[in-house]
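See structure below.
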Amino acid sequence: MSDRKFFVGGNWKMNGSITQYKSLITDLKNAKLDPKTQVVIAPPALYLLPAKDLLQDNDKIELSAQDGYHKPSGAFTGEISLVQLKDAGIPWVILGHSERRTIFHETDEDVATKTKAALEQGVNVILCVGETLEQREKNESIKVVISQVEAAAKNINDWSKVVIAYEPVWAIGTGKVATAEQAEEVHKAIRDWLAKSVSAEVAKTERIIYGGSVNGKNAKELASQPDIDGFLVGGASLKPEFVDIVNARL
Ligand code: PEP
């Protein structure tokens, strides 16, 4: 097993309420979490600052925004800038999530621009990539994923502040998880690309996590793969089984 720190992110998406975020965070704070896992949760932006208050006495759980806009300020109604995330003390941001790419039509170029802005602010990035079912059926998974990583990579100068999340679109929120072999194949291809195009050191240290219908039951097998360094979890991050996913390597 590698010595890369296992990373589990919980993407709450546009779910929850004041009551729910309080109880989810309180339960997580009280849970027995593997101290070797880095845990990052991404509540809706509205709850980030109150969540930060709730986590004040806690050093196990970090916060992430679900997106961030590259312009520092101005007439961009509805957006939250990376400068503002930094100002608010939010250390992570998810960028390029497939829901942003498909529903909100974000391009590789948009994701690259946001990645640059995040890193300029010292905000860590969970960079999401992944192919659609149609692309997988045409045998294009690796080509698509590498081109998405490559597009953002041109704006990444510090890979220690980036975690790559491989999230096949067909597995997100569908209950259809990639097999451990399918996920490992793509993770390895990303790592090989990093070795060839960035450096051997980055390839060795970069965390590449898997997302797409991960749950308390399938996490252990996926976590046993040599190039899977953790998970980005949607649906199950709102349930008690999130703790089992955090503890998948125990
Ligand atoms: C996600 O949205 O990043 C995700 C992986 O969702 P789910 O776990 O629900 O498939």
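Ligands are numbered from 1 in the order shown, residues from 1 within each chain, and chains are lettered A, B, ... in the order they appear in the structure tokens.
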Within-8 Å residues of ligand 1, basis only C-alpha atoms and all ligand atoms, as a ChimeraX atom specification | /A:10-13,97-99,167,171-175,177,210-215,231-237
What parts of segment 32-238 of chain A does DSSP call strand (DSSP E)? I'd like the answer as an mmCIF file with N, CA and C atoms, in the first residue's frame.
```cif
data_model
loop_
_atom_site.group_PDB
_atom_site.id
_atom_site.type_symbol
_atom_site.label_atom_id
_atom_site.label_comp_id
_atom_site.auth_asym_id
_atom_site.auth_seq_id
_atom_site.Cartn_x
_atom_site.Cartn_y
_atom_site.Cartn_z
ATOM 1 N N THR A 37 -7.080 8.878 7.830
ATOM 2 C CA THR A 37 -7.855 9.369 6.675
ATOM 3 C C THR A 37 -8.065 10.880 6.791
ATOM 4 N N GLN A 38 -7.839 11.583 5.691
ATOM 5 C CA GLN A 38 -8.168 13.015 5.647
ATOM 6 C C GLN A 38 -9.641 13.138 5.240
ATOM 7 N N VAL A 39 -10.419 13.821 6.051
ATOM 8 C CA VAL A 39 -11.863 13.901 5.804
ATOM 9 C C VAL A 39 -12.245 15.343 5.472
ATOM 10 N N VAL A 40 -12.905 15.511 4.339
ATOM 11 C CA VAL A 40 -13.299 16.847 3.885
ATOM 12 C C VAL A 40 -14.773 16.797 3.493
ATOM 13 N N ILE A 41 -15.591 17.658 4.073
ATOM 14 C CA ILE A 41 -17.004 17.649 3.686
ATOM 15 C C ILE A 41 -17.364 18.949 2.968
ATOM 16 N N ALA A 42 -18.275 18.812 2.013
ATOM 17 C CA ALA A 42 -18.672 19.953 1.187
ATOM 18 C C ALA A 42 -20.177 20.197 1.301
ATOM 19 N N ILE A 61 -11.925 17.161 10.692
ATOM 20 C CA ILE A 61 -12.822 17.340 9.546
ATOM 21 C C ILE A 61 -12.617 18.724 8.942
ATOM 22 N N GLU A 62 -12.321 18.732 7.628
ATOM 23 C CA GLU A 62 -12.120 20.015 6.943
ATOM 24 C C GLU A 62 -13.319 20.315 6.036
ATOM 25 N N LEU A 63 -13.389 21.561 5.598
ATOM 26 C CA LEU A 63 -14.535 21.983 4.784
ATOM 27 C C LEU A 63 -14.131 22.298 3.352
ATOM 28 N N SER A 64 -15.064 22.042 2.457
ATOM 29 C CA SER A 64 -14.859 22.370 1.050
ATOM 30 C C SER A 64 -16.105 23.049 0.504
ATOM 31 N N ALA A 65 -15.890 23.989 -0.425
ATOM 32 C CA ALA A 65 -17.019 24.505 -1.201
ATOM 33 C C ALA A 65 -17.249 23.542 -2.365
ATOM 34 N N TRP A 92 -10.816 24.108 0.991
ATOM 35 C CA TRP A 92 -10.949 23.245 -0.194
ATOM 36 C C TRP A 92 -12.074 23.728 -1.096
ATOM 37 N N VAL A 93 -11.967 23.374 -2.382
ATOM 38 C CA VAL A 93 -13.076 23.594 -3.313
ATOM 39 C C VAL A 93 -13.141 22.409 -4.290
ATOM 40 N N ILE A 94 -14.343 21.967 -4.583
ATOM 41 C CA ILE A 94 -14.546 20.950 -5.629
ATOM 42 C C ILE A 94 -14.674 21.716 -6.952
ATOM 43 N N LEU A 95 -13.918 21.313 -7.950
ATOM 44 C CA LEU A 95 -14.035 21.964 -9.263
ATOM 45 C C LEU A 95 -14.255 20.909 -10.348
ATOM 46 N N ASN A 124 -7.164 24.576 -1.736
ATOM 47 C CA ASN A 124 -6.913 23.240 -2.283
ATOM 48 C C ASN A 124 -8.060 22.810 -3.194
ATOM 49 N N VAL A 125 -7.728 22.045 -4.215
ATOM 50 C CA VAL A 125 -8.718 21.692 -5.240
ATOM 51 C C VAL A 125 -8.980 20.181 -5.286
ATOM 52 N N ILE A 126 -10.257 19.835 -5.291
ATOM 53 C CA ILE A 126 -10.658 18.463 -5.637
ATOM 54 C C ILE A 126 -11.100 18.556 -7.097
ATOM 55 N N LEU A 127 -10.265 18.088 -7.996
ATOM 56 C CA LEU A 127 -10.489 18.249 -9.429
ATOM 57 C C LEU A 127 -11.200 17.013 -9.975
ATOM 58 N N CYS A 128 -12.452 17.210 -10.421
ATOM 59 C CA CYS A 128 -13.245 16.056 -10.864
ATOM 60 C C CYS A 128 -13.139 15.847 -12.367
ATOM 61 N N VAL A 129 -12.955 14.593 -12.737
ATOM 62 C CA VAL A 129 -12.911 14.207 -14.148
ATOM 63 C C VAL A 129 -13.699 12.907 -14.299
ATOM 64 N N VAL A 162 -3.693 19.635 -4.878
ATOM 65 C CA VAL A 162 -4.750 19.123 -5.772
ATOM 66 C C VAL A 162 -4.962 17.632 -5.515
ATOM 67 N N VAL A 163 -6.220 17.250 -5.398
ATOM 68 C CA VAL A 163 -6.588 15.838 -5.372
ATOM 69 C C VAL A 163 -7.409 15.607 -6.633
ATOM 70 N N ILE A 164 -7.097 14.561 -7.372
ATOM 71 C CA ILE A 164 -7.872 14.267 -8.586
ATOM 72 C C ILE A 164 -8.967 13.259 -8.225
ATOM 73 N N ALA A 165 -10.211 13.609 -8.585
ATOM 74 C CA ALA A 165 -11.319 12.677 -8.332
ATOM 75 C C ALA A 165 -11.788 12.104 -9.668
ATOM 76 N N TYR A 166 -11.572 10.796 -9.853
ATOM 77 C CA TYR A 166 -12.111 10.139 -11.044
ATOM 78 C C TYR A 166 -13.540 9.725 -10.744
ATOM 79 N N ILE A 208 -5.321 10.192 -6.011
ATOM 80 C CA ILE A 208 -6.348 10.019 -7.048
ATOM 81 C C ILE A 208 -7.476 9.237 -6.388
ATOM 82 N N ILE A 209 -8.616 9.903 -6.222
ATOM 83 C CA ILE A 209 -9.715 9.282 -5.491
ATOM 84 C C ILE A 209 -10.834 8.909 -6.468
ATOM 85 N N TYR A 210 -11.680 7.980 -6.045
ATOM 86 C CA TYR A 210 -12.763 7.515 -6.910
ATOM 87 C C TYR A 210 -14.108 8.029 -6.391
ATOM 88 N N GLY A 211 -14.996 8.398 -7.295
ATOM 89 C CA GLY A 211 -16.351 8.782 -6.902
ATOM 90 C C GLY A 211 -17.361 8.187 -7.858
ATOM 91 N N GLY A 230 -8.665 7.015 -2.070
ATOM 92 C CA GLY A 230 -9.778 7.559 -1.302
ATOM 93 C C GLY A 230 -10.988 7.724 -2.185
ATOM 94 N N PHE A 231 -11.952 8.499 -1.683
ATOM 95 C CA PHE A 231 -13.242 8.603 -2.377
ATOM 96 C C PHE A 231 -13.802 10.011 -2.326
ATOM 97 N N LEU A 232 -14.603 10.329 -3.337
ATOM 98 C CA LEU A 232 -15.506 11.465 -3.249
ATOM 99 C C LEU A 232 -16.907 10.844 -3.232
ATOM 100 N N VAL A 233 -17.647 11.162 -2.194
ATOM 101 C CA VAL A 233 -18.900 10.468 -1.926
ATOM 102 C C VAL A 233 -20.057 11.456 -1.986
#
```
Which of segment 35-243 of chain A fall in helix (DSSP H, G or I), as a PyMOL selection string = chain A and resi 45-54+82-87+98-102+108-120+133-137+141-153+159-161+169-171+180-197+200-205+219-223+235-238+242-243
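Minimum atom-to-atom distance to Lys71 of chain A, evaluated using only C-alpha atoms, belongs to A:Ala117 out of A:Ile25, A:Ala45, A:Ala117, A:Ile18.
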Write out as number ranges by chain the residues lying within 8 Å of segment 143-155 of chain A, counting only C-alpha atoms and excluding same-chain residues fewer than 2 positions away.
-> A: 108-109, 111-113, 115-116, 129-131, 135, 140-141, 157, 166, 186, 189-190, 193
Selected residues, C-alpha atoms, written as a PDB file, in the first residue's frame, please.
```pdb
ATOM      1  CA  ASP A 108     -12.433  22.057 -19.482  1.00  0.00           C
ATOM      2  CA  GLU A 109     -11.262  25.625 -20.026  1.00  0.00           C
ATOM      3  CA  VAL A 111     -12.363  24.292 -14.910  1.00  0.00           C
ATOM      4  CA  ALA A 112      -8.744  25.143 -15.722  1.00  0.00           C
ATOM      5  CA  THR A 113      -9.397  28.854 -15.110  1.00  0.00           C
ATOM      6  CA  THR A 115      -8.236  25.785 -10.801  1.00  0.00           C
ATOM      7  CA  LYS A 116      -5.726  28.553 -11.449  1.00  0.00           C
ATOM      8  CA  VAL A 129     -12.911  14.207 -14.148  1.00  0.00           C
ATOM      9  CA  GLY A 130     -14.850  11.363 -15.696  1.00  0.00           C
ATOM     10  CA  GLU A 131     -16.343   9.933 -18.862  1.00  0.00           C
ATOM     11  CA  GLN A 135     -17.724   7.508 -24.052  1.00  0.00           C
ATOM     12  CA  GLU A 140     -12.816   6.348 -24.817  1.00  0.00           C
ATOM     13  CA  SER A 141     -12.705   6.495 -20.998  1.00  0.00           C
ATOM     14  CA  ASN A 157       2.053  24.467 -10.346  1.00  0.00           C
ATOM     15  CA  TYR A 166     -12.111  10.139 -11.044  1.00  0.00           C
ATOM     16  CA  VAL A 186      -8.311   4.621 -15.054  1.00  0.00           C
ATOM     17  CA  ALA A 189      -3.674   5.606 -16.463  1.00  0.00           C
ATOM     18  CA  ILE A 190      -3.865   9.000 -14.732  1.00  0.00           C
ATOM     19  CA  TRP A 193       0.205  10.231 -17.423  1.00  0.00           C
TER      20      TRP A 193
END
```
